[in-house]
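Participant: If you scroll down you'll find the structure; I have some questions about it.
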Amino acid sequence: MRTAVIRVNLNPAGDLASDRLAAAVEELRSSGLEVIAPDFERVPAQAREIELLLPGEDTAALSAWAQNRCAEALGDPGPVAGAATFLSRGTDEDVLGVVSAFGLTASVERSWNNDEEVVTVTIPRADARRTPESRLHTALEAALNAEVRIVYGESC
Amino acid sequence: MCAEDEIPAGTHKVFPIGRHGVGVYNVNGVFYAIANYCPHEGGPLCTGRVHGRSVVSDDAPGGASVVRDGEFLYCPWHQWGFELATGTTAVKPEWSIRTYPVKVVDHKIIVTG
């Protein structure tokens, strides 16, 4: 399963004290959540954003959950979820996630060539004309840190 | 990979891992590892500068402030910025740079796949 990075602005109104936000982050962490948070004292009041690392693929559901969970920890209905992204650990799920972000489907095969991993990503031939291949290729090589070969097949 | 004190806070080293290499960064004592490849056009990400992120701040001169200094890496080719901890940017959610868990054991840095 992929890991989503869900951004939540804890207090867009900027009217809560920093120590209250820090206490909410501690509460989230003590419940087992992985949270990336800034030093709230050094961030403009309206931009005090944290990130929750959550397993899952449905960003809408994860964002809604994160927003509610942050509101509960803070004791205030103010938190607002923002952009959602995904970590990449170079797995097949990460490959398929990147491909799907480009609106495509694919199948993935891994092989080795002179001690270097090669990942072959097969895209349906019907999608070839609307595939921004160079964009997809650089995105996949960054997500994998491995050689990527994009080929077109009949189906996936 | 190396001894912990070979990468002091605020510095990094690039190691020959994977197709493009992996940069290991020390951000105030916390180590992060990220692939040396920009998802935009394939630039050598780890030769870029490390900085913070700009956010709107009505009270600051120019209307913007830099937050979380040292936690973001900017590609030298086109200045795309990525969070070291996650390898992502909110500007382009479809991009995810491969990151690697880092452990420090007996003062040695270990990057795991």
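Each chain of the structure tokens is named A, B, ... in the order shown, its residues numbered from 1; ligands are numbered from 1 in display order.
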Select residues of chain A: the criterion is any atom within 10 Å of an atom of chain B, counting only C-alpha atoms; output as number ranges by chain.

Facilitator: A: 3-7, 36-40, 42-48, 51, 53, 82-91, 94-95, 97-102, 115-118, 134-148

Participant: Export, as a tab-separated table (two decimals), in the first residue's frame, the selected residues with C-alpha atoms.

Facilitator:
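again.tsv, freshly written:
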```tsv
chain	number	residue	atom	x	y	z
A	3	THR	CA	1.87	6.15	1.80
A	4	ALA	CA	0.03	9.43	1.32
A	5	VAL	CA	1.31	12.78	2.55
A	6	ILE	CA	-1.73	14.75	3.65
A	7	ARG	CA	-1.16	18.44	4.36
A	36	ILE	CA	5.87	16.26	10.06
A	37	ALA	CA	5.45	19.60	11.78
A	38	PRO	CA	7.37	22.88	11.80
A	39	ASP	CA	8.39	24.99	14.77
A	40	PHE	CA	5.11	26.88	14.98
A	42	ARG	CA	8.76	30.44	13.35
A	43	VAL	CA	5.89	30.14	10.87
A	44	PRO	CA	3.39	32.89	9.92
A	45	ALA	CA	0.17	32.42	11.90
A	46	GLN	CA	-1.97	31.59	8.86
A	47	ALA	CA	0.54	29.08	7.42
A	48	ARG	CA	0.97	26.63	10.29
A	51	GLU	CA	1.77	16.71	7.19
A	53	LEU	CA	1.83	10.22	6.58
A	82	GLY	CA	-4.64	20.82	1.54
A	83	ALA	CA	-2.65	19.13	-1.20
A	84	ALA	CA	-2.08	15.37	-1.00
A	85	THR	CA	0.98	13.62	-2.43
A	86	PHE	CA	2.53	10.18	-2.14
A	87	LEU	CA	5.90	8.93	-0.94
A	88	SER	CA	7.79	6.69	-3.33
A	89	ARG	CA	9.80	3.75	-2.07
A	90	GLY	CA	10.29	2.38	-5.57
A	91	THR	CA	7.65	-0.34	-5.38
A	94	ASP	CA	4.44	3.44	-6.61
A	95	VAL	CA	4.96	2.89	-10.35
A	97	GLY	CA	0.39	5.28	-8.77
A	98	VAL	CA	2.59	7.60	-10.82
A	99	VAL	CA	1.19	6.17	-14.04
A	100	SER	CA	-2.36	6.60	-12.81
A	101	ALA	CA	-1.65	10.25	-11.92
A	102	PHE	CA	-1.03	10.72	-15.65
A	115	ASP	CA	23.66	-5.61	-11.93
A	116	GLU	CA	21.35	-2.70	-12.73
A	117	GLU	CA	17.62	-2.97	-12.24
A	118	VAL	CA	15.46	-2.35	-15.31
A	134	SER	CA	9.13	12.04	-21.78
A	135	ARG	CA	7.21	13.50	-18.82
A	136	LEU	CA	6.10	10.07	-17.74
A	137	HIS	CA	9.60	8.68	-18.17
A	138	THR	CA	11.31	11.28	-15.97
A	139	ALA	CA	8.57	10.97	-13.35
A	140	LEU	CA	9.02	7.20	-13.25
A	141	GLU	CA	12.83	7.30	-13.14
A	142	ALA	CA	12.62	9.75	-10.23
A	143	ALA	CA	10.10	7.56	-8.41
A	144	LEU	CA	12.21	4.43	-8.91
A	145	ASN	CA	15.84	5.54	-9.20
A	146	ALA	CA	16.15	2.73	-11.75
A	147	GLU	CA	16.27	2.44	-15.54
A	148	VAL	CA	12.74	2.67	-16.93
```

Participant: When you look at Ala24 (chain A) with a cut-off of 12 Å (counting only C-alpha atoms), what residues show up, excluding the ones that are within fewer than 2 positions of it in the same chain? I need them as a list in words.

Facilitator: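 Once the adjacent positions are removed, what remains is Leu10, Asn11, Leu16, Ala17, Ser18, Asp19, Arg20, Leu21, Ala22, Glu26, Glu27, Leu28, Arg29, Ser30, Ser31, Leu33, Val35, Ala37, Phe40, Ile50, Arg69, Cys70, Ala71, Glu72, Ala73, Leu74, Gly75, Asp76 and Pro79 of chain A.
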
Participant: Any chance you could list, as number ranges by chain, the residues in region 2-135 of chain A that come up strand (DSSP E) when DSSP is run on the backbone?

Facilitator: A: 3-9, 34-36, 49-55, 80-86, 107-113, 116-124

Participant: Could you please determine the separation between CA of Thr131 (chain A) and CA of Leu104 (chain A) in Å, to one decimal place?

Facilitator: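 Separating CA of Thr131 (chain A) from CA of Leu104 (chain A) is a distance of 8.0 Å.
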
Participant: May I have all residues of region 59-138 of chain A that DSSP, computed from the backbone, assigns to helix (DSSP H, G or I), given as a VMD selection string?

Facilitator: chain A and resid 59 to 74 92 to 101 125 to 130 133 to 138

Participant: Can those selected residues be exported to a file as a PDB file, in the first residue's frame so that it contains C-alpha atoms?

Facilitator:
```pdb
ATOM      1  CA  THR A  59      -6.709  10.989  -1.119  1.00  0.00           C
ATOM      2  CA  ALA A  60     -10.209  12.430  -0.699  1.00  0.00           C
ATOM      3  CA  ALA A  61     -11.042   9.996   2.095  1.00  0.00           C
ATOM      4  CA  LEU A  62      -7.628  10.355   3.716  1.00  0.00           C
ATOM      5  CA  SER A  63      -7.814  14.149   3.591  1.00  0.00           C
ATOM      6  CA  ALA A  64     -11.267  14.147   5.181  1.00  0.00           C
ATOM      7  CA  TRP A  65     -10.090  11.770   7.889  1.00  0.00           C
ATOM      8  CA  ALA A  66      -6.949  13.805   8.557  1.00  0.00           C
ATOM      9  CA  GLN A  67      -8.887  17.046   8.772  1.00  0.00           C
ATOM     10  CA  ASN A  68     -11.330  15.577  11.274  1.00  0.00           C
ATOM     11  CA  ARG A  69      -8.569  13.931  13.293  1.00  0.00           C
ATOM     12  CA  CYS A  70      -6.631  17.199  13.510  1.00  0.00           C
ATOM     13  CA  ALA A  71      -9.780  19.056  14.576  1.00  0.00           C
ATOM     14  CA  GLU A  72     -10.331  16.478  17.303  1.00  0.00           C
ATOM     15  CA  ALA A  73      -6.724  16.733  18.537  1.00  0.00           C
ATOM     16  CA  LEU A  74      -6.858  20.516  18.486  1.00  0.00           C
ATOM     17  CA  ASP A  92       5.365  -1.557  -8.159  1.00  0.00           C
ATOM     18  CA  GLU A  93       2.491   0.200  -6.399  1.00  0.00           C
ATOM     19  CA  ASP A  94       4.442   3.436  -6.611  1.00  0.00           C
ATOM     20  CA  VAL A  95       4.960   2.894 -10.353  1.00  0.00           C
ATOM     21  CA  LEU A  96       1.263   2.278 -10.905  1.00  0.00           C
ATOM     22  CA  GLY A  97       0.386   5.280  -8.766  1.00  0.00           C
ATOM     23  CA  VAL A  98       2.592   7.604 -10.822  1.00  0.00           C
ATOM     24  CA  VAL A  99       1.190   6.168 -14.042  1.00  0.00           C
ATOM     25  CA  SER A 100      -2.356   6.599 -12.810  1.00  0.00           C
ATOM     26  CA  ALA A 101      -1.649  10.247 -11.920  1.00  0.00           C
ATOM     27  CA  ARG A 125      -1.233   0.932 -27.236  1.00  0.00           C
ATOM     28  CA  ALA A 126      -4.552   2.777 -27.358  1.00  0.00           C
ATOM     29  CA  ASP A 127      -3.155   5.291 -24.848  1.00  0.00           C
ATOM     30  CA  ALA A 128       0.086   5.888 -26.764  1.00  0.00           C
ATOM     31  CA  ARG A 129      -1.053   9.026 -28.570  1.00  0.00           C
ATOM     32  CA  ARG A 130      -2.114  10.786 -25.389  1.00  0.00           C
ATOM     33  CA  GLU A 133       6.130   9.922 -22.787  1.00  0.00           C
ATOM     34  CA  SER A 134       9.134  12.042 -21.783  1.00  0.00           C
ATOM     35  CA  ARG A 135       7.209  13.497 -18.823  1.00  0.00           C
ATOM     36  CA  LEU A 136       6.098  10.072 -17.744  1.00  0.00           C
ATOM     37  CA  HIS A 137       9.600   8.681 -18.169  1.00  0.00           C
ATOM     38  CA  THR A 138      11.314  11.282 -15.974  1.00  0.00           C
TER      39      THR A 138
END
```
